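What follows is start27.txt (compact mmCIF, C-alpha atoms).
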# COMPACT_ATOMS: atom_id res chain seq x y z
CA MET P 159 87.45 -124.31 -38.35
CA GLU P 160 85.27 -121.47 -39.58
CA LEU P 161 82.83 -122.33 -42.34
CA PRO P 162 83.12 -120.28 -45.52
CA GLY P 163 80.71 -117.38 -45.32
CA ALA P 164 80.09 -117.85 -41.59
CA ARG P 165 80.11 -114.59 -39.62
CA LYS P 166 82.00 -114.54 -36.39
CA SER P 167 80.24 -113.17 -33.34
CA HIS P 168 81.67 -110.04 -31.74
CA ASP P 169 79.07 -109.80 -29.00
CA VAL P 170 79.79 -107.86 -25.83
CA VAL P 171 77.86 -107.72 -22.57
CA ILE P 172 77.37 -104.19 -21.25
CA GLU P 173 76.19 -104.10 -17.66
CA ILE P 174 74.72 -100.83 -16.41
CA GLY P 175 72.78 -100.56 -13.16
CA GLY P 176 73.06 -104.30 -12.63
CA PHE P 177 71.29 -105.06 -15.93
CA PRO P 178 73.64 -106.93 -18.29
CA ILE P 179 72.61 -106.47 -21.92
CA GLU P 180 74.33 -108.50 -24.59
CA VAL P 181 74.95 -106.28 -27.60
CA GLN P 182 75.19 -108.67 -30.52
CA THR P 183 77.20 -107.75 -33.57
CA THR P 184 79.17 -109.55 -36.23
CA ASP P 185 81.36 -106.52 -36.91
CA ALA P 186 84.83 -106.51 -35.36
CA ALA P 187 85.25 -102.74 -35.79
CA PHE P 188 81.96 -102.06 -34.01
CA GLU P 189 83.01 -104.38 -31.19
CA ARG P 190 86.13 -102.24 -30.79
CA ILE P 191 83.97 -99.11 -30.69
CA LEU P 192 81.86 -100.67 -27.93
CA ARG P 193 84.88 -101.76 -25.92
CA GLY P 194 86.39 -98.31 -26.19
CA ARG P 195 83.15 -96.57 -25.26
CA TYR P 196 81.98 -98.76 -22.37
CA GLY P 197 85.27 -99.84 -20.74
CA ASP P 198 84.56 -101.00 -17.19
CA TYR P 199 80.90 -101.59 -18.01
CA ILE P 200 81.77 -104.50 -20.30
CA LYS P 201 81.55 -107.85 -18.54
CA PRO P 202 83.53 -110.46 -20.49
CA GLY P 203 81.84 -113.85 -20.46
CA ALA P 204 78.91 -112.64 -18.34
CA ALA P 205 75.56 -114.34 -18.86
CA SER P 206 72.77 -112.00 -19.90
CA GLN P 207 69.02 -112.35 -20.10
CA PHE P 208 68.80 -109.21 -22.20
CA ALA P 209 70.00 -108.84 -25.78
CA LEU P 210 70.18 -106.17 -28.45
CA ARG P 211 71.08 -107.33 -31.95
CA VAL P 212 72.78 -104.53 -33.88
CA GLN P 213 72.55 -104.47 -37.67
CA LEU P 214 74.96 -101.99 -39.17
CA SER P 215 74.14 -100.03 -42.27
CA GLY P 216 76.05 -97.65 -44.48
CA PRO P 217 76.46 -93.97 -43.73
CA GLY P 218 73.43 -91.73 -44.10
CA VAL P 219 72.27 -88.29 -43.13
CA ALA P 220 71.75 -88.37 -39.38
CA ASP P 221 71.29 -86.00 -36.48
CA PRO P 222 72.19 -87.62 -33.15
CA ASP P 223 70.97 -84.49 -31.33
CA ALA P 224 67.44 -84.83 -32.65
CA ASP P 225 64.70 -86.07 -30.31
CA ALA P 226 63.97 -89.77 -30.42
CA GLU P 227 60.42 -90.90 -30.97
CA VAL P 228 59.42 -93.84 -28.79
CA TRP P 229 56.09 -95.62 -28.85
CA LEU P 230 54.49 -98.93 -27.94
CA GLU P 231 53.17 -101.05 -30.80
CA ASP P 232 51.96 -104.63 -30.42
CA ARG P 233 53.65 -104.94 -27.02
CA GLU P 234 56.97 -103.89 -28.50
CA TRP P 235 58.66 -100.54 -28.03
CA LYS P 236 59.70 -98.81 -31.23
CA MET P 237 62.39 -96.13 -31.28
CA VAL P 238 63.31 -93.90 -34.17
CA ARG P 239 65.75 -91.05 -34.50
CA GLY P 240 67.58 -89.70 -37.53
CA ASP P 241 70.56 -91.96 -36.88
CA PHE P 242 68.87 -95.18 -35.76
CA ARG P 243 65.72 -97.23 -35.57
CA ALA P 244 65.27 -99.88 -32.96
CA SER P 245 62.78 -102.08 -31.19
CA TRP P 246 62.61 -103.59 -27.72
CA ASN P 247 60.35 -106.42 -26.62
CA PRO P 248 60.12 -106.24 -22.81
CA ALA P 249 58.55 -109.69 -22.45
CA GLU P 250 61.23 -111.40 -24.51
CA ARG P 251 63.94 -109.06 -23.25
CA ARG P 252 65.21 -108.78 -26.79
CA GLY P 253 65.59 -105.95 -29.24
CA GLN P 254 67.09 -104.91 -32.55
CA VAL P 255 68.98 -101.82 -33.58
CA PHE P 256 69.64 -100.56 -37.09
CA GLN P 257 72.38 -97.95 -37.14
CA THR P 258 75.72 -97.01 -38.59
CA ALA P 259 78.94 -98.02 -36.84
CA ASN P 260 79.05 -95.21 -34.29
CA PRO P 261 78.87 -95.13 -30.47
CA TYR P 262 76.20 -92.41 -30.18
CA SER P 263 73.27 -94.33 -31.61
CA ILE P 264 73.73 -97.44 -29.47
CA ASP P 265 74.31 -95.17 -26.47
CA SER P 266 70.91 -93.52 -26.98
CA VAL P 267 69.20 -96.86 -27.52
CA LEU P 268 70.73 -98.17 -24.29
CA ARG P 269 69.50 -95.11 -22.37
CA ILE P 270 65.97 -95.60 -23.69
CA VAL P 271 65.94 -99.35 -23.05
CA HIS P 272 67.21 -98.83 -19.51
CA THR P 273 64.48 -96.28 -18.76
CA LEU P 274 61.91 -98.79 -20.03
CA MET P 275 63.36 -101.55 -17.86
CA LEU P 276 63.59 -99.34 -14.77
CA ALA P 277 60.09 -97.84 -14.86
CA PRO P 278 58.09 -100.91 -13.79
CA GLU P 279 60.32 -101.47 -10.77
CA GLY P 280 60.22 -97.85 -9.56
CA GLY P 281 63.60 -96.74 -10.85
CA PHE P 282 64.58 -94.06 -13.33
CA LEU P 283 67.36 -92.23 -15.10
CA LEU P 284 67.70 -88.68 -13.85
CA HIS P 285 69.30 -85.56 -15.29
CA ALA P 286 71.79 -85.46 -12.44
CA SER P 287 75.40 -85.91 -11.57
CA SER P 288 76.05 -88.25 -8.68
CA ALA P 289 78.88 -89.32 -6.45
CA VAL P 290 79.56 -91.70 -3.60
CA ARG P 291 81.11 -90.34 -0.42
CA ASN P 292 81.47 -92.23 2.86
CA GLY P 293 79.51 -95.14 1.38
CA LYS P 294 76.50 -92.98 0.52
CA ALA P 295 75.33 -91.72 -2.86
CA PHE P 296 74.39 -88.09 -3.44
CA LEU P 297 72.50 -86.89 -6.50
CA PHE P 298 72.80 -83.37 -7.92
CA SER P 299 69.98 -82.65 -10.30
CA GLY P 300 69.04 -79.86 -12.62
CA LEU P 301 68.42 -79.09 -16.24
CA SER P 302 71.06 -77.75 -18.58
CA GLU P 303 73.44 -75.19 -17.01
CA ALA P 304 72.21 -75.95 -13.49
CA GLY P 305 75.70 -77.01 -12.46
CA LYS P 306 75.70 -80.83 -12.69
CA THR P 307 79.10 -81.02 -14.32
CA THR P 308 80.44 -78.11 -12.26
CA ILE P 309 79.72 -79.83 -8.97
CA ALA P 310 81.17 -83.08 -10.33
CA ARG P 311 84.37 -81.25 -11.29
CA LEU P 312 84.61 -79.79 -7.79
CA ALA P 313 84.27 -83.18 -6.06
CA PRO P 314 87.02 -83.89 -3.52
CA ALA P 315 89.38 -86.85 -3.79
CA ASP P 316 87.35 -88.96 -1.36
CA ALA P 317 84.23 -88.75 -3.55
CA THR P 318 83.79 -91.27 -6.36
CA LEU P 319 81.94 -89.95 -9.39
CA LEU P 320 79.06 -92.06 -10.71
CA THR P 321 78.18 -89.74 -13.59
CA ASP P 322 78.14 -86.06 -14.47
CA GLU P 323 75.08 -86.38 -16.70
CA ALA P 324 72.54 -89.16 -16.17
CA SER P 325 72.16 -90.77 -12.76
CA TYR P 326 70.86 -94.30 -12.55
CA VAL P 327 68.42 -94.89 -9.68
CA ARG P 328 67.05 -98.31 -8.78
CA LYS P 329 64.72 -99.39 -6.02
CA VAL P 330 66.06 -102.59 -4.48
CA ASP P 331 64.23 -104.21 -1.56
CA GLY P 332 62.53 -100.92 -0.79
CA ARG P 333 65.75 -98.87 -0.77
CA TYR P 334 67.05 -96.56 -3.44
CA PHE P 335 70.50 -97.12 -4.91
CA ALA P 336 72.47 -95.01 -7.36
CA TYR P 337 74.67 -96.78 -9.89
CA GLY P 338 77.54 -95.54 -11.96
CA THR P 339 76.83 -94.99 -15.64
CA PRO P 340 78.92 -94.62 -18.77
CA PHE P 341 76.60 -91.78 -19.82
CA ALA P 342 78.92 -88.80 -19.64
CA GLY P 343 78.19 -85.10 -20.03
CA GLU P 344 80.69 -82.29 -20.44
CA LEU P 345 83.31 -84.15 -18.43
CA GLY P 346 83.48 -86.67 -21.24
CA ALA P 347 84.45 -89.47 -18.88
CA PRO P 348 82.32 -92.40 -17.71
CA GLY P 349 81.44 -92.75 -14.06
CA LYS P 350 82.82 -95.48 -11.82
CA ASN P 351 80.89 -98.72 -12.13
CA ILE P 352 79.81 -99.00 -8.48
CA SER P 353 76.60 -98.43 -6.51
CA ALA P 354 75.57 -97.08 -3.10
CA PRO P 355 72.35 -96.29 -1.24
CA VAL P 356 71.02 -92.83 -2.04
CA ALA P 357 71.39 -90.50 0.96
CA ALA P 358 69.99 -87.32 -0.59
CA LEU P 359 68.91 -85.60 -3.76
CA TYR P 360 70.04 -82.00 -4.17
CA LEU P 361 68.28 -79.77 -6.68
CA LEU P 362 70.94 -77.37 -7.90
CA LYS P 363 70.83 -73.61 -8.05
CA LYS P 364 73.85 -71.43 -8.66
CA ALA P 365 74.17 -68.68 -6.05
CA ALA P 366 76.60 -66.30 -4.36
CA ASP P 367 77.02 -68.59 -1.36
CA ASN P 368 76.46 -72.18 -0.30
CA ARG P 369 73.35 -73.30 1.56
CA ILE P 370 71.01 -76.22 1.81
CA GLU P 371 67.28 -75.63 2.13
CA GLU P 372 64.44 -78.01 2.68
CA ILE P 373 61.84 -78.32 -0.07
CA ASP P 374 58.14 -78.90 0.27
CA PRO P 375 57.43 -82.53 -0.86
CA ALA P 376 54.93 -81.49 -3.53
CA ASP P 377 57.45 -79.03 -4.96
CA ALA P 378 60.15 -81.72 -4.79
CA ILE P 379 58.01 -84.15 -6.78
CA GLN P 380 57.23 -81.53 -9.41
CA ARG P 381 60.90 -80.61 -9.80
CA LEU P 382 62.00 -84.25 -9.79
CA LEU P 383 59.53 -85.06 -12.56
CA ARG P 384 61.05 -82.31 -14.69
CA ASN P 385 64.42 -84.02 -14.49
CA ILE P 386 63.52 -87.67 -14.95
CA LEU P 387 64.43 -88.95 -18.40
CA PHE P 388 61.65 -90.71 -20.17
CA PHE P 389 61.15 -90.82 -23.84
CA ALA P 390 57.71 -92.29 -24.42
CA HIS P 391 54.47 -90.49 -23.55
CA GLN P 392 52.57 -93.72 -23.08
CA SER P 393 49.91 -93.69 -20.36
CA GLU P 394 51.08 -96.65 -18.32
CA LEU P 395 54.70 -95.52 -18.49
CA VAL P 396 53.82 -91.95 -17.46
CA ARG P 397 51.86 -93.30 -14.47
CA GLN P 398 54.80 -95.48 -13.45
CA VAL P 399 57.18 -92.53 -13.63
CA PHE P 400 54.77 -90.35 -11.64
CA GLU P 401 54.39 -92.99 -8.92
CA SER P 402 58.16 -93.53 -8.87
CA ALA P 403 58.77 -89.82 -8.29
CA CYS P 404 56.22 -89.72 -5.44
CA ALA P 405 57.69 -92.84 -3.81
CA PHE P 406 61.26 -91.54 -4.16
CA VAL P 407 60.43 -88.20 -2.50
CA ALA P 408 58.66 -90.04 0.32
CA ALA P 409 61.77 -92.12 0.97
CA VAL P 410 64.77 -89.90 0.18
CA PRO P 411 65.53 -86.43 1.57
CA VAL P 412 65.34 -83.80 -1.16
CA PHE P 413 66.91 -80.39 -0.74
CA GLN P 414 67.69 -77.33 -2.75
CA LEU P 415 71.43 -76.81 -2.88
CA SER P 416 72.32 -73.22 -3.68
CA PHE P 417 76.01 -73.16 -4.42
CA PHE P 418 78.87 -70.94 -5.41
CA PRO P 419 81.10 -72.86 -7.80
CA ASP P 420 84.13 -73.61 -5.68
CA GLN P 421 85.19 -76.60 -3.60
CA ARG P 422 83.68 -75.29 -0.36
CA VAL P 423 80.27 -76.54 -1.43
CA TRP P 424 81.47 -80.07 -0.77
CA GLU P 425 81.89 -79.20 2.92
CA LEU P 426 78.09 -79.48 3.07
CA ILE P 427 77.92 -82.90 1.39
CA GLY P 428 78.51 -86.26 3.01
CA MET V 145 29.11 -75.92 -15.77
CA TYR V 146 30.02 -79.35 -14.38
CA LEU V 147 33.56 -80.62 -13.91
CA THR V 148 34.94 -84.13 -14.21
CA GLN V 149 38.48 -85.29 -13.58
CA SER V 150 40.04 -86.78 -16.72
CA ALA V 151 41.04 -90.44 -16.67
CA ASP V 152 44.24 -89.52 -18.49
CA ILE V 153 46.05 -88.23 -15.45
CA ALA V 154 48.06 -89.33 -12.47
CA ALA V 155 47.51 -87.26 -9.31
CA ARG V 156 48.68 -87.10 -5.73
CA THR V 157 47.58 -84.74 -2.96
CA ILE V 158 50.27 -83.91 -0.42
CA GLY V 159 49.24 -81.58 2.36
CA ASP V 160 47.17 -78.81 0.78
CA ASP V 161 48.73 -79.18 -2.66
CA THR V 162 47.93 -81.55 -5.50
CA ILE V 163 50.33 -82.59 -8.24
CA ILE V 164 48.73 -83.69 -11.47
CA MET V 165 50.50 -85.17 -14.46
CA SER V 166 48.83 -85.59 -17.81
CA THR V 167 49.48 -89.04 -19.25
CA LEU V 168 48.74 -87.60 -22.69
CA ASP V 169 51.52 -85.02 -22.88
CA SER V 170 53.34 -85.46 -19.52
CA THR V 171 52.54 -81.89 -18.50
CA VAL V 172 52.79 -81.41 -14.73
CA PHE V 173 50.56 -79.09 -12.72
CA MET V 174 50.77 -78.20 -9.08
CA LEU V 175 47.50 -77.02 -7.57
CA ASN V 176 47.44 -74.88 -4.46
CA SER V 177 44.85 -75.29 -1.74
CA VAL V 178 42.13 -73.45 -3.70
CA GLY V 179 42.83 -75.49 -6.82
CA THR V 180 42.89 -78.68 -4.76
CA ALA V 181 39.47 -77.82 -3.27
CA ILE V 182 38.00 -77.42 -6.76
CA TRP V 183 39.79 -80.51 -8.06
CA ASN V 184 38.52 -82.70 -5.23
CA ALA V 185 34.97 -81.50 -5.80
CA ALA V 186 35.05 -82.17 -9.56
CA ASP V 187 32.65 -85.10 -9.38
CA GLY V 188 30.63 -84.42 -12.52
CA ALA V 189 27.52 -83.77 -10.42
CA THR V 190 28.24 -80.52 -8.60
CA PRO V 191 28.06 -77.26 -10.60
CA LEU V 192 31.17 -75.12 -10.51
CA SER V 193 29.18 -72.25 -9.00
CA GLN V 194 28.16 -74.51 -6.09
CA ILE V 195 31.72 -75.73 -5.60
CA VAL V 196 32.93 -72.16 -5.44
CA HIS V 197 30.13 -71.08 -3.10
CA GLU V 198 30.45 -74.03 -0.72
CA ARG V 199 34.13 -74.99 -0.86
CA VAL V 200 36.08 -71.93 -1.87
CA CYS V 201 34.38 -68.81 -0.52
CA PRO V 202 33.97 -69.87 3.13
CA GLU V 203 37.42 -71.38 3.26
CA PHE V 204 39.34 -68.61 1.57
CA ASP V 205 37.37 -65.48 2.47
CA VAL V 206 36.62 -64.24 -1.03
CA SER V 207 33.44 -63.03 -2.72
CA ASP V 208 31.43 -65.41 -4.89
CA GLU V 209 31.88 -63.18 -7.92
CA GLN V 210 35.64 -62.90 -7.63
CA ALA V 211 36.08 -66.58 -6.72
CA LEU V 212 33.98 -67.73 -9.68
CA ALA V 213 35.96 -65.58 -12.10
CA ASP V 214 39.23 -66.97 -10.76
CA ALA V 215 37.86 -70.51 -10.81
CA MET V 216 36.77 -70.17 -14.45
CA GLU V 217 40.27 -69.09 -15.40
CA PHE V 218 41.75 -72.01 -13.46
CA VAL V 219 39.32 -74.50 -15.01
CA ASP V 220 39.98 -73.18 -18.50
CA LYS V 221 43.70 -73.82 -18.09
CA LEU V 222 43.20 -77.40 -16.96
CA VAL V 223 40.63 -78.07 -19.65
CA LYS V 224 43.07 -76.96 -22.34
CA HIS V 225 45.50 -79.64 -21.16
CA GLY V 226 42.82 -82.32 -20.90
CA ILE V 227 43.16 -82.52 -17.12
CA LEU V 228 39.55 -81.49 -16.45
CA LEU V 229 36.50 -82.17 -18.58
CA ILE V 230 33.52 -79.80 -18.61
CA SER V 231 29.91 -80.30 -19.53
CA ASP V 232 26.69 -78.29 -19.44
CA SER V 233 24.77 -81.02 -17.64
CA PRO V 234 25.63 -83.43 -14.81
CA VAL V 235 27.71 -86.43 -15.82
CA PRO V 236 26.25 -89.78 -14.73
CA PRO V 237 28.50 -91.46 -12.13
CA LYS V 238 29.52 -94.32 -14.42
CA GLU V 239 30.87 -91.81 -16.96
CA ALA V 240 32.62 -89.67 -14.38
CA GLN V 241 36.26 -90.72 -14.05
For this file, write the structure as structure tokens.
Amino acid sequence: MELPGARKSHDVVIEIGGFPIEVQTTDAAFERILRGRYGDYIKPGAASQFALRVQLSGPGVADPDADAEVWLEDREWKMVRGDFRASWNPAERRGQVFQTANPYSIDSVLRIVHTLMLAPEGGFLLHASSAVRNGKAFLFSGLSEAGKTTIARLAPADATLLTDEASYVRKVDGRYFAYGTPFAGELGAPGKNISAPVAALYLLKKAADNRIEEIDPADAIQRLLRNILFFAHQSELVRQVFESACAFVAAVPVFQLSFFPDQRVWELIG
Amino acid sequence: MYLTQSADIAARTIGDDTIIMSTLDSTVFMLNSVGTAIWNAADGATPLSQIVHERVCPEFDVSDEQALADAMEFVDKLVKHGILLISDSPVPPKEAQ
């Protein structure tokens, strides 16, 4: 029997990169939004050590394309953008989000929280599409218009797409793994929720033909740093990201992939 | 002019190059071998003119005058981003980062 005035829980656990976060809400419509948005990344009945309590508010003037401000205050991360404000306590593994009932705000908060969780362990989110082929993950990185979505669209049938927008890289027992993410770019479709060891990172450059070229490690680190997503310019976090980029380049082959946008480029991958 | 490396950076030398990231604004710099030579000698105690004379000129076959002018330009760029700190007198070791 439900007590008068009691609010039913509509919590869902969203697991990305092996981190299950319970998104807590009392709103049935918002739960439906989450289920529609995160599909295979929702783990019914899964236990989670991480939680985000979402408090929904009425509609307001908001710009989901604005830059989020993220800062550390009293050991708690604060995040503010036109369409949400949120906090994340890394020690308690708990946070709160104030937003309207839309999928974009919670999506941005999840991206930020995941970058904050990944940084201390040497992982990161990267502006990159990624795919698994022959049991190995390949990352294709570049800024806007570099060809991330293009190369994802050209992937052959035996390649499984992890994302066309934001690749999820974790360091597990000294090895780097790429995980599927629901963070979609122009393709508009989430990646497959699987993971594989990273075999190579390709920095994309559109060209008249296809070729792979080695990159000097210092140049690779500099270019990798340009493409790692991090939202807070806090000293300790910046140092962690810097060290992560150096360690990644020391462990994973990084190449420049010049490519002409047709399927032949995939003959070089895998 | 004396140079000191800022504490607000993360840096790594790989081969002849050095990558430096400002922890204040996340700006990334890549120094070539000449820049790396100056960077490594920025101990707060050695004047820039001496660094150039002893570390840059013999190594890179350039005149003192030209090397110093280039070094000043290089230093100015890093100072603007808070990567290097400059002073008119030597910096005691405990204050040098």
> Any idea what's packed within 10 Å of Ala154 in chain V, counting all atoms listed in the file, ignoring anything in its chain fewer than 2 positions away? Could you give it as an MDAnalysis selection string?
Replying inline: (chainID P and resid 393:394 396:401) or (chainID V and resid 150:152 156 163:167 170 172 227)
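Atom to atom, CA of Thr273 in chain P and CA of Leu395 in chain P stand 9.8 Å apart.
In this structure, CA of Pro261 in chain P sits 6.9 Å away from CA of Arg195 in chain P.
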> What residues in chain P lie within 12 Å of chain V, counting all atoms listed in the file, written as JSON, numbers by chain?
Replying inline: {"P": [374, 375, 376, 377, 378, 379, 380, 381, 382, 383, 384, 385, 386, 387, 388, 389, 390, 391, 392, 393, 394, 395, 396, 397, 398, 399, 400, 401, 402, 403, 404, 405, 407, 408]}
The selected residues should be written to file as a tab-separated table (two decimals), keeping the file's coordinate frame (atoms: C-alpha atoms).
chain	number	residue	atom	x	y	z
P	374	ASP	CA	58.14	-78.90	0.27
P	375	PRO	CA	57.43	-82.53	-0.86
P	376	ALA	CA	54.93	-81.49	-3.53
P	377	ASP	CA	57.45	-79.03	-4.96
P	378	ALA	CA	60.15	-81.72	-4.79
P	379	ILE	CA	58.01	-84.15	-6.78
P	380	GLN	CA	57.23	-81.53	-9.41
P	381	ARG	CA	60.90	-80.61	-9.80
P	382	LEU	CA	62.00	-84.25	-9.79
P	383	LEU	CA	59.53	-85.06	-12.56
P	384	ARG	CA	61.05	-82.31	-14.69
P	385	ASN	CA	64.42	-84.02	-14.49
P	386	ILE	CA	63.52	-87.67	-14.95
P	387	LEU	CA	64.43	-88.95	-18.40
P	388	PHE	CA	61.65	-90.71	-20.17
P	389	PHE	CA	61.15	-90.82	-23.84
P	390	ALA	CA	57.71	-92.29	-24.42
P	391	HIS	CA	54.47	-90.49	-23.55
P	392	GLN	CA	52.57	-93.72	-23.08
P	393	SER	CA	49.91	-93.69	-20.36
P	394	GLU	CA	51.08	-96.65	-18.32
P	395	LEU	CA	54.70	-95.52	-18.49
P	396	VAL	CA	53.82	-91.95	-17.46
P	397	ARG	CA	51.86	-93.30	-14.47
P	398	GLN	CA	54.80	-95.48	-13.45
P	399	VAL	CA	57.18	-92.53	-13.63
P	400	PHE	CA	54.77	-90.35	-11.64
P	401	GLU	CA	54.39	-92.99	-8.92
P	402	SER	CA	58.16	-93.53	-8.87
P	403	ALA	CA	58.77	-89.82	-8.29
P	404	CYS	CA	56.22	-89.72	-5.44
P	405	ALA	CA	57.69	-92.84	-3.81
P	407	VAL	CA	60.43	-88.20	-2.50
P	408	ALA	CA	58.66	-90.04	0.32
List as a PDB file with C-alpha atoms, keeping the file's coordinate frame the protein and nucleic acid residues near range 290-297 of chain P, meaning an atom at most 12 Å away when all atoms listed in the file are counted, but skip any in the same chain fewer than 6 places from it.
ATOM      1  CA  LEU P 283      67.360 -92.230 -15.100  1.00  0.00           C
ATOM      2  CA  LEU P 284      67.700 -88.680 -13.850  1.00  0.00           C
ATOM      3  CA  GLY P 305      75.700 -77.010 -12.460  1.00  0.00           C
ATOM      4  CA  LYS P 306      75.700 -80.830 -12.690  1.00  0.00           C
ATOM      5  CA  THR P 307      79.100 -81.020 -14.320  1.00  0.00           C
ATOM      6  CA  ILE P 309      79.720 -79.830  -8.970  1.00  0.00           C
ATOM      7  CA  ALA P 310      81.170 -83.080 -10.330  1.00  0.00           C
ATOM      8  CA  ALA P 313      84.270 -83.180  -6.060  1.00  0.00           C
ATOM      9  CA  PRO P 314      87.020 -83.890  -3.520  1.00  0.00           C
ATOM     10  CA  ALA P 315      89.380 -86.850  -3.790  1.00  0.00           C
ATOM     11  CA  ASP P 316      87.350 -88.960  -1.360  1.00  0.00           C
ATOM     12  CA  ALA P 317      84.230 -88.750  -3.550  1.00  0.00           C
ATOM     13  CA  THR P 318      83.790 -91.270  -6.360  1.00  0.00           C
ATOM     14  CA  LEU P 319      81.940 -89.950  -9.390  1.00  0.00           C
ATOM     15  CA  LEU P 320      79.060 -92.060 -10.710  1.00  0.00           C
ATOM     16  CA  THR P 321      78.180 -89.740 -13.590  1.00  0.00           C
ATOM     17  CA  ASP P 322      78.140 -86.060 -14.470  1.00  0.00           C
ATOM     18  CA  GLU P 323      75.080 -86.380 -16.700  1.00  0.00           C
ATOM     19  CA  ALA P 324      72.540 -89.160 -16.170  1.00  0.00           C
ATOM     20  CA  SER P 325      72.160 -90.770 -12.760  1.00  0.00           C
ATOM     21  CA  TYR P 326      70.860 -94.300 -12.550  1.00  0.00           C
ATOM     22  CA  VAL P 327      68.420 -94.890  -9.680  1.00  0.00           C
ATOM     23  CA  TYR P 334      67.050 -96.560  -3.440  1.00  0.00           C
ATOM     24  CA  PHE P 335      70.500 -97.120  -4.910  1.00  0.00           C
ATOM     25  CA  ALA P 336      72.470 -95.010  -7.360  1.00  0.00           C
ATOM     26  CA  TYR P 337      74.670 -96.780  -9.890  1.00  0.00           C
ATOM     27  CA  GLY P 338      77.540 -95.540 -11.960  1.00  0.00           C
ATOM     28  CA  GLY P 349      81.440 -92.750 -14.060  1.00  0.00           C
ATOM     29  CA  LYS P 350      82.820 -95.480 -11.820  1.00  0.00           C
ATOM     30  CA  ASN P 351      80.890 -98.720 -12.130  1.00  0.00           C
ATOM     31  CA  ILE P 352      79.810 -99.000  -8.480  1.00  0.00           C
ATOM     32  CA  SER P 353      76.600 -98.430  -6.510  1.00  0.00           C
ATOM     33  CA  ALA P 354      75.570 -97.080  -3.100  1.00  0.00           C
ATOM     34  CA  PRO P 355      72.350 -96.290  -1.240  1.00  0.00           C
ATOM     35  CA  VAL P 356      71.020 -92.830  -2.040  1.00  0.00           C
ATOM     36  CA  ALA P 357      71.390 -90.500   0.960  1.00  0.00           C
ATOM     37  CA  ALA P 358      69.990 -87.320  -0.590  1.00  0.00           C
ATOM     38  CA  LEU P 359      68.910 -85.600  -3.760  1.00  0.00           C
ATOM     39  CA  TYR P 360      70.040 -82.000  -4.170  1.00  0.00           C
ATOM     40  CA  LEU P 361      68.280 -79.770  -6.680  1.00  0.00           C
ATOM     41  CA  LEU P 362      70.940 -77.370  -7.900  1.00  0.00           C
ATOM     42  CA  LEU P 382      62.000 -84.250  -9.790  1.00  0.00           C
ATOM     43  CA  ASN P 385      64.420 -84.020 -14.490  1.00  0.00           C
ATOM     44  CA  VAL P 410      64.770 -89.900   0.180  1.00  0.00           C
ATOM     45  CA  PRO P 411      65.530 -86.430   1.570  1.00  0.00           C
ATOM     46  CA  VAL P 412      65.340 -83.800  -1.160  1.00  0.00           C
ATOM     47  CA  PHE P 413      66.910 -80.390  -0.740  1.00  0.00           C
ATOM     48  CA  GLN P 414      67.690 -77.330  -2.750  1.00  0.00           C
ATOM     49  CA  LEU P 415      71.430 -76.810  -2.880  1.00  0.00           C
ATOM     50  CA  TRP P 424      81.470 -80.070  -0.770  1.00  0.00           C
ATOM     51  CA  GLU P 425      81.890 -79.200   2.920  1.00  0.00           C
ATOM     52  CA  LEU P 426      78.090 -79.480   3.070  1.00  0.00           C
ATOM     53  CA  ILE P 427      77.920 -82.900   1.390  1.00  0.00           C
ATOM     54  CA  GLY P 428      78.510 -86.260   3.010  1.00  0.00           C
TER      55      GLY P 428
END
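Across the structure, CA of Ala224 in chain P and CA of Val171 in chain P are spaced 27.1 Å apart.
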> Within 9 Å of range 209-212 of chain V, counting only C-alpha atoms, which residues qualify if same-chain residues fewer than 2 places away don't, as a ChimeraX atom specification?
Replying inline: /V:192-193,196-197,200-201,206-207,214-217
>> For a quick check of understanding, using all atoms listed in the file, which of P:Lys236, P:His168, P:His285, P:Arg369 has the smallest distance to Pro202 in chain P?
In response: P:His168
Please report, as AutoDock Vina command-line options, the centre and edge lengths in Å to one decimal of an axis-aligned box covering all listed atoms of range 314-328 of chain P with 4 Å per side.
--center_x 78.2 --center_y -91.1 --center_z -9.0 --size_x 30.3 --size_y 22.4 --size_z 23.3
> Excluding same-chain residues fewer than 6 positions from Thr308 in chain P, what lies within 12 Å of it counting all atoms listed in the file, as a ChimeraX atom specification?
Replying inline: /P:286-288,298-300,302,321-323,343-345,362-364,417-421,423-424
Residues of range 155-195 of chain V that approach range 228-233 of chain V to 10 Å or less, counting only C-alpha atoms: could you list each one with the shortest pair of atoms and its distance in Å to one decimal, rows by chain and increasing residue number, as JSON lines?
{"residue": "V:Trp183", "atom": "CA", "partner": "V:Leu228", "partner_atom": "CA", "distance": 8.5}
{"residue": "V:Ala186", "atom": "CA", "partner": "V:Leu228", "partner_atom": "CA", "distance": 8.3}
{"residue": "V:Gly188", "atom": "CA", "partner": "V:Ser231", "partner_atom": "CA", "distance": 8.2}
{"residue": "V:Ala189", "atom": "CA", "partner": "V:Ser233", "partner_atom": "CA", "distance": 8.2}
{"residue": "V:Thr190", "atom": "CA", "partner": "V:Ser233", "partner_atom": "CA", "distance": 9.7}
{"residue": "V:Pro191", "atom": "CA", "partner": "V:Ser233", "partner_atom": "CA", "distance": 8.6}
{"residue": "V:Leu192", "atom": "CA", "partner": "V:Ile230", "partner_atom": "CA", "distance": 9.6}
